[in-house]
>>> print(open('final.csv').read())   # CSV, N, CA, C and O atoms
chain,number,residue,atom,x,y,z
A,55,MET,N,23.7,21.7,-25.8
A,55,MET,CA,23.1,20.8,-24.8
A,55,MET,C,23.3,19.4,-25.2
A,55,MET,O,22.9,19.1,-26.3
A,56,GLY,N,23.8,18.6,-24.4
A,56,GLY,CA,23.9,17.2,-24.7
A,56,GLY,C,22.8,16.3,-24.1
A,56,GLY,O,22.2,16.7,-23.2
A,57,LEU,N,22.6,15.2,-24.7
A,57,LEU,CA,21.7,14.2,-24.1
A,57,LEU,C,22.3,13.5,-23.0
A,57,LEU,O,23.4,13.1,-23.0
A,58,THR,N,21.5,13.2,-22.0
A,58,THR,CA,22.0,12.4,-20.9
A,58,THR,C,21.6,10.9,-21.2
A,58,THR,O,20.6,10.6,-21.7
A,59,LYS,N,22.5,10.1,-20.8
A,59,LYS,CA,22.3,8.6,-21.0
A,59,LYS,C,21.5,8.1,-19.9
A,59,LYS,O,21.8,8.3,-18.7
A,60,ARG,N,20.5,7.3,-20.2
A,60,ARG,CA,19.6,6.7,-19.2
A,60,ARG,C,20.3,5.4,-18.7
A,60,ARG,O,20.9,4.7,-19.4
A,61,SER,N,20.0,5.1,-17.4
A,61,SER,CA,20.5,3.9,-16.8
A,61,SER,C,19.8,2.7,-17.4
A,61,SER,O,18.7,2.8,-17.8
A,62,SER,N,20.5,1.6,-17.6
A,62,SER,CA,20.0,0.4,-18.2
A,62,SER,C,19.0,-0.3,-17.2
A,62,SER,O,18.3,-1.2,-17.6
A,63,THR,N,19.1,0.0,-15.9
A,63,THR,CA,18.2,-0.6,-15.0
A,63,THR,C,16.8,0.2,-15.0
A,63,THR,O,16.8,1.3,-14.6
A,64,ALA,N,15.8,-0.5,-15.3
A,64,ALA,CA,14.5,0.1,-15.3
A,64,ALA,C,13.9,0.2,-13.9
A,64,ALA,O,14.2,-0.7,-13.1
A,65,ALA,N,13.1,1.2,-13.6
A,65,ALA,CA,12.4,1.3,-12.4
A,65,ALA,C,11.4,0.1,-12.3
A,65,ALA,O,10.8,-0.3,-13.3
A,66,PRO,N,11.2,-0.4,-11.0
A,66,PRO,CA,10.2,-1.5,-10.9
A,66,PRO,C,8.8,-1.1,-11.3
A,66,PRO,O,8.4,0.1,-11.0
A,67,LYS,N,8.1,-1.9,-12.0
A,67,LYS,CA,6.7,-1.6,-12.4
A,67,LYS,C,5.8,-1.9,-11.3
A,67,LYS,O,5.8,-2.9,-10.7
A,68,LEU,N,4.9,-0.9,-11.0
A,68,LEU,CA,3.9,-1.0,-10.0
A,68,LEU,C,2.7,-1.7,-10.6
A,68,LEU,O,2.3,-1.4,-11.7
A,69,GLN,N,2.1,-2.5,-9.8
A,69,GLN,CA,0.8,-3.1,-10.2
A,69,GLN,C,-0.3,-2.0,-10.1
A,69,GLN,O,-0.2,-1.1,-9.2
A,70,THR,N,-1.3,-2.1,-10.9
A,70,THR,CA,-2.4,-1.2,-10.8
A,70,THR,C,-3.2,-1.6,-9.5
A,70,THR,O,-3.5,-2.8,-9.3
A,71,PRO,N,-3.3,-0.6,-8.6
A,71,PRO,CA,-3.9,-1.0,-7.3
A,71,PRO,C,-5.4,-1.3,-7.4
A,71,PRO,O,-6.1,-0.7,-8.2
A,72,LYS,N,-5.9,-2.2,-6.5
A,72,LYS,CA,-7.3,-2.5,-6.4
A,72,LYS,C,-8.0,-1.3,-5.7
A,72,LYS,O,-9.1,-1.0,-5.9
A,73,ARG,N,-7.2,-0.7,-4.7
A,73,ARG,CA,-7.7,0.4,-3.9
A,73,ARG,C,-6.6,1.3,-3.6
A,73,ARG,O,-5.4,0.8,-3.5
A,74,VAL,N,-6.9,2.5,-3.3
A,74,VAL,CA,-5.9,3.5,-2.7
A,74,VAL,C,-6.5,3.8,-1.3
A,74,VAL,O,-7.6,4.2,-1.2
A,75,ILE,N,-5.7,3.6,-0.3
A,75,ILE,CA,-6.1,3.8,1.1
A,75,ILE,C,-5.2,4.8,1.8
A,75,ILE,O,-4.1,5.0,1.5
A,76,ARG,N,-5.8,5.5,2.8
A,76,ARG,CA,-5.1,6.4,3.6
A,76,ARG,C,-5.3,6.1,5.1
A,76,ARG,O,-6.4,5.8,5.5
A,77,ALA,N,-4.2,6.1,5.8
A,77,ALA,CA,-4.2,5.8,7.2
A,77,ALA,C,-4.9,6.8,8.0
A,77,ALA,O,-4.7,8.0,7.8
A,78,VAL,N,-5.8,6.4,8.9
A,78,VAL,CA,-6.5,7.3,9.8
A,78,VAL,C,-5.9,7.4,11.2
A,78,VAL,O,-6.3,8.2,12.0
A,79,ARG,N,-4.9,6.6,11.4
A,79,ARG,CA,-4.1,6.6,12.7
A,79,ARG,C,-2.8,5.9,12.5
A,79,ARG,O,-2.5,5.3,11.5
A,80,ASN,N,-1.9,6.1,13.5
A,80,ASN,CA,-0.6,5.5,13.5
A,80,ASN,C,-0.7,4.0,13.8
A,80,ASN,O,-1.7,3.6,14.5
A,81,TYR,N,0.2,3.2,13.4
A,81,TYR,CA,0.3,1.8,13.7
A,81,TYR,C,1.7,1.3,13.7
A,81,TYR,O,2.5,1.7,12.8
A,82,VAL,N,2.1,0.5,14.7
A,82,VAL,CA,3.4,-0.1,14.8
A,82,VAL,C,3.3,-1.6,14.6
A,82,VAL,O,2.5,-2.2,15.2
A,83,ALA,N,4.0,-2.1,13.6
A,83,ALA,CA,4.0,-3.5,13.2
A,83,ALA,C,4.3,-4.4,14.4
A,83,ALA,O,5.2,-4.1,15.2
A,84,ILE,N,3.5,-5.5,14.5
A,84,ILE,CA,3.7,-6.5,15.5
A,84,ILE,C,4.5,-7.7,14.9
A,84,ILE,O,5.4,-8.2,15.5
A,85,GLU,N,4.1,-8.1,13.7
A,85,GLU,CA,4.7,-9.2,13.1
A,85,GLU,C,5.6,-8.8,11.9
A,85,GLU,O,5.5,-7.6,11.4
A,86,SER,N,6.5,-9.6,11.5
A,86,SER,CA,7.5,-9.2,10.5
A,86,SER,C,6.9,-8.9,9.1
A,86,SER,O,7.4,-8.2,8.3
A,87,ALA,N,5.7,-9.5,8.8
A,87,ALA,CA,5.0,-9.3,7.6
A,87,ALA,C,4.2,-8.0,7.5
A,87,ALA,O,3.8,-7.6,6.5
A,88,GLU,N,4.1,-7.4,8.7
A,88,GLU,CA,3.3,-6.1,8.8
A,88,GLU,C,4.2,-4.9,8.5
A,88,GLU,O,5.4,-4.9,8.7
A,89,LEU,N,3.5,-3.8,8.1
A,89,LEU,CA,4.2,-2.5,7.9
A,89,LEU,C,3.8,-1.6,9.0
A,89,LEU,O,2.7,-1.5,9.5
A,90,THR,N,4.8,-0.8,9.5
A,90,THR,CA,4.5,0.3,10.4
A,90,THR,C,4.2,1.6,9.5
A,90,THR,O,4.8,1.8,8.5
A,91,PHE,N,3.2,2.4,10.0
A,91,PHE,CA,2.8,3.5,9.2
A,91,PHE,C,2.3,4.6,10.1
A,91,PHE,O,2.0,4.4,11.3
A,92,LYS,N,2.2,5.8,9.6
A,92,LYS,CA,1.7,7.0,10.3
A,92,LYS,C,0.4,7.5,9.7
A,92,LYS,O,0.1,7.2,8.5
A,93,LYS,N,-0.4,8.2,10.5
A,93,LYS,CA,-1.6,8.8,10.1
A,93,LYS,C,-1.3,9.6,8.8
A,93,LYS,O,-0.3,10.3,8.7
A,94,ASP,N,-2.2,9.5,7.8
A,94,ASP,CA,-2.2,10.1,6.5
A,94,ASP,C,-1.2,9.5,5.5
A,94,ASP,O,-1.1,10.0,4.4
A,95,ASP,N,-0.6,8.4,5.8
A,95,ASP,CA,0.2,7.6,4.9
A,95,ASP,C,-0.7,7.0,3.9
A,95,ASP,O,-1.8,6.6,4.2
A,96,PHE,N,-0.3,6.9,2.6
A,96,PHE,CA,-1.1,6.3,1.5
A,96,PHE,C,-0.5,5.0,1.1
A,96,PHE,O,0.8,4.9,1.1
A,97,PHE,N,-1.3,4.1,0.7
A,97,PHE,CA,-0.8,2.8,0.2
A,97,PHE,C,-1.7,2.3,-0.9
A,97,PHE,O,-2.9,2.7,-1.0
A,98,TYR,N,-1.2,1.5,-1.8
A,98,TYR,CA,-1.9,0.8,-2.8
A,98,TYR,C,-2.3,-0.6,-2.3
A,98,TYR,O,-1.4,-1.3,-1.9
A,99,VAL,N,-3.5,-1.0,-2.4
A,99,VAL,CA,-4.0,-2.3,-2.0
A,99,VAL,C,-3.7,-3.3,-3.1
A,99,VAL,O,-4.2,-3.0,-4.2
A,100,LEU,N,-3.0,-4.3,-2.9
A,100,LEU,CA,-2.7,-5.4,-3.9
A,100,LEU,C,-3.7,-6.5,-3.7
A,100,LEU,O,-4.1,-7.1,-4.7
A,101,SER,N,-4.1,-6.9,-2.5
A,101,SER,CA,-5.0,-8.0,-2.3
A,101,SER,C,-5.5,-7.9,-0.8
A,101,SER,O,-4.9,-7.2,0.0
A,102,THR,N,-6.5,-8.7,-0.6
A,102,THR,CA,-7.0,-9.0,0.8
A,102,THR,C,-6.7,-10.4,1.1
A,102,THR,O,-7.5,-11.3,0.7
A,103,PRO,N,-5.6,-10.8,1.8
A,103,PRO,CA,-5.3,-12.2,2.0
A,103,PRO,C,-6.3,-13.0,2.8
A,103,PRO,O,-7.0,-12.4,3.6
A,104,HIS,N,-6.4,-14.2,2.4
A,104,HIS,CA,-7.3,-15.2,3.1
A,104,HIS,C,-8.8,-14.8,3.0
A,104,HIS,O,-9.5,-15.1,3.9
A,105,ASP,N,-9.2,-14.1,2.0
A,105,ASP,CA,-10.6,-13.7,1.8
A,105,ASP,C,-11.2,-13.0,3.0
A,105,ASP,O,-12.3,-13.2,3.4
A,106,THR,N,-10.4,-12.1,3.6
A,106,THR,CA,-10.9,-11.4,4.7
A,106,THR,C,-10.7,-9.9,4.5
A,106,THR,O,-9.8,-9.5,3.8
A,107,ASP,N,-11.6,-9.1,5.0
A,107,ASP,CA,-11.5,-7.6,4.9
A,107,ASP,C,-10.7,-7.0,6.1
A,107,ASP,O,-10.7,-5.8,6.3
A,108,ARG,N,-10.2,-7.9,7.0
A,108,ARG,CA,-9.5,-7.4,8.2
A,108,ARG,C,-8.1,-6.9,7.9
A,108,ARG,O,-7.5,-6.2,8.7
A,109,TRP,N,-7.4,-7.4,6.9
A,109,TRP,CA,-6.0,-7.1,6.5
A,109,TRP,C,-6.0,-6.8,5.0
A,109,TRP,O,-6.7,-7.5,4.2
A,110,TYR,N,-5.1,-5.9,4.7
A,110,TYR,CA,-4.8,-5.7,3.3
A,110,TYR,C,-3.3,-6.0,3.0
A,110,TYR,O,-2.4,-5.7,3.9
A,111,GLU,N,-3.0,-6.6,1.8
A,111,GLU,CA,-1.6,-6.6,1.4
A,111,GLU,C,-1.4,-5.4,0.5
A,111,GLU,O,-2.2,-5.1,-0.4
A,112,VAL,N,-0.4,-4.6,0.9
A,112,VAL,CA,-0.3,-3.3,0.3
A,112,VAL,C,1.2,-3.0,-0.2
A,112,VAL,O,2.1,-3.7,0.2
A,113,THR,N,1.3,-2.0,-0.9
A,113,THR,CA,2.6,-1.5,-1.3
A,113,THR,C,2.6,0.0,-1.1
A,113,THR,O,1.6,0.7,-1.3
A,114,ASN,N,3.7,0.6,-0.6
A,114,ASN,CA,3.9,2.0,-0.5
A,114,ASN,C,4.4,2.5,-1.8
A,114,ASN,O,5.5,2.1,-2.2
A,115,PRO,N,3.6,3.4,-2.5
A,115,PRO,CA,4.1,3.8,-3.8
A,115,PRO,C,5.3,4.7,-3.8
A,115,PRO,O,6.0,4.8,-4.8
A,116,LEU,N,5.7,5.3,-2.7
A,116,LEU,CA,6.9,6.1,-2.6
A,116,LEU,C,8.1,5.3,-2.3
A,116,LEU,O,9.2,5.5,-2.9
A,117,SER,N,8.0,4.4,-1.3
A,117,SER,CA,9.2,3.6,-0.9
A,117,SER,C,9.3,2.2,-1.5
A,117,SER,O,10.4,1.6,-1.5
A,118,GLY,N,8.2,1.7,-2.0
A,118,GLY,CA,8.2,0.4,-2.6
A,118,GLY,C,8.1,-0.7,-1.6
A,118,GLY,O,8.0,-1.9,-1.9
A,119,GLU,N,8.0,-0.4,-0.3
A,119,GLU,CA,7.8,-1.4,0.8
A,119,GLU,C,6.5,-2.1,0.5
A,119,GLU,O,5.5,-1.5,0.1
A,120,ARG,N,6.4,-3.4,0.9
A,120,ARG,CA,5.3,-4.2,0.7
A,120,ARG,C,5.0,-5.0,2.0
A,120,ARG,O,6.0,-5.5,2.6
A,121,GLY,N,3.8,-5.2,2.4
A,121,GLY,CA,3.4,-5.9,3.6
A,121,GLY,C,2.0,-5.9,3.9
A,121,GLY,O,1.1,-5.4,3.1
A,122,LEU,N,1.6,-6.3,5.1
A,122,LEU,CA,0.2,-6.3,5.6
A,122,LEU,C,0.0,-5.2,6.5
A,122,LEU,O,0.8,-4.8,7.3
A,123,VAL,N,-1.3,-4.7,6.4
A,123,VAL,CA,-1.7,-3.6,7.3
A,123,VAL,C,-3.2,-3.9,7.7
A,123,VAL,O,-3.9,-4.5,6.9
A,124,PRO,N,-3.6,-3.5,8.9
A,124,PRO,CA,-4.9,-3.8,9.4
A,124,PRO,C,-5.9,-2.8,8.7
A,124,PRO,O,-5.7,-1.6,8.7
A,125,ALA,N,-6.9,-3.4,8.1
A,125,ALA,CA,-7.9,-2.6,7.3
A,125,ALA,C,-8.6,-1.5,8.2
A,125,ALA,O,-9.0,-0.5,7.7
A,126,SER,N,-8.8,-1.8,9.5
A,126,SER,CA,-9.5,-0.9,10.4
A,126,SER,C,-8.8,0.4,10.6
A,126,SER,O,-9.4,1.4,11.1
A,127,CYS,N,-7.5,0.5,10.2
A,127,CYS,CA,-6.7,1.7,10.4
A,127,CYS,C,-6.8,2.6,9.1
A,127,CYS,O,-6.1,3.7,9.1
A,128,PHE,N,-7.6,2.3,8.1
A,128,PHE,CA,-7.6,3.0,6.9
A,128,PHE,C,-9.0,3.4,6.4
A,128,PHE,O,-10.0,2.8,6.7
A,129,GLU,N,-9.0,4.5,5.6
A,129,GLU,CA,-10.2,4.8,4.8
A,129,GLU,C,-9.8,4.6,3.3
A,129,GLU,O,-8.7,4.8,2.9
A,130,ILE,N,-10.8,4.2,2.6
A,130,ILE,CA,-10.7,4.0,1.1
A,130,ILE,C,-10.8,5.3,0.4
A,130,ILE,O,-11.8,6.0,0.6
A,131,MET,N,-9.7,5.6,-0.3
A,131,MET,CA,-9.7,6.9,-1.1
A,131,MET,C,-10.3,6.7,-2.5
A,131,MET,O,-10.9,7.5,-3.1
A,132,GLU,N,-9.9,5.5,-3.1
A,132,GLU,CA,-10.3,5.2,-4.5
A,132,GLU,C,-10.3,3.7,-4.6
A,132,GLU,O,-9.5,3.0,-4.1
A,133,SER,N,-11.3,3.2,-5.4
A,133,SER,CA,-11.5,1.8,-5.6
A,133,SER,C,-11.7,1.5,-7.1
A,133,SER,O,-12.5,2.2,-7.7
A,134,ARG,N,-11.0,0.6,-7.6
A,134,ARG,CA,-11.1,0.2,-9.0
A,134,ARG,C,-12.2,-0.8,-9.2
A,134,ARG,O,-12.2,-1.8,-8.5
A,135,GLN,N,-13.1,-0.6,-10.1
A,135,GLN,CA,-14.2,-1.6,-10.4
A,135,GLN,C,-13.7,-2.5,-11.6
A,135,GLN,O,-13.4,-2.0,-12.6
A,136,ASP,N,-13.7,-3.8,-11.4
A,136,ASP,CA,-13.4,-4.7,-12.4
A,136,ASP,C,-14.6,-5.3,-13.0
A,136,ASP,O,-15.6,-5.5,-12.4
>>> encode(input="final.csv", output="structure tokens")
Amino acid sequence: MGLTKRSSTAAPKLQTPKRVIRAVRNYVAIESAELTFKKDDFFYVLSTPHDTDRWYEVTNPLSGERGLVPASCFEIMESRQD
């Protein structure tokens, strides 16, 4: 058995999420900064822009997509305490 050579390009490092959230309903993006998602999709919360709890800046851990989602469409699955 031979060893396989690893690619020199490293996978992008994910930030440790502030929260893990799950969509409770579908949503279609209205603005270009928003993400479209389906019920039961999971995201990592990176921040809450403009000190509001109405929107989350998130990343999809599976696809790497990043954008804004309305907080009212999600339930918090896990929250990190700093």
>>> residues_around(input="final.csv", residues="segment 78-87 of chain A", least_positions_apart="5", cutoff="10 Å", atoms="only C-alpha atoms", output="list in words")
Lys92, Lys93, Asp94, Asp95, Phe96, Glu111, Arg120, Gly121, Leu122, Val123, Pro124, Ser126, Cys127, Phe128 and Glu129 of chain A
>>> atom_distance(input="final.csv", atom1="atom CA of Val99 of chain A", atom2="atom CA of Pro115 of chain A")
10.3 Å
>>> closest_residue(input="final.csv", among="A:Ser117, A:Arg108, A:Tyr98, A:Phe91", to="Ile75 of chain A", atoms="all atoms listed in the file")
A:Tyr98
>>> atom_distance(input="final.csv", atom1="atom CA of Glu88 of chain A", atom2="atom CA of Ile130 of chain A")
18.9 Å
>>> atom_distance(input="final.csv", atom1="atom O of Glu119 of chain A", atom2="atom C of Ala77 of chain A")
15.5 Å
>>> residues_near_point(input="final.csv", point="(-0.5, -6.7, -3.0)", cutoff="4.5 Å", atoms="all atoms listed in the file", output="list in words")
Leu100, Ser101, Glu111 and Val112 of chain A
>>> closest_residue(input="final.csv", among="A:Phe97, A:Leu89, A:Pro103, A:Lys72", to="Leu116 of chain A", atoms="only C-alpha atoms")
A:Phe97
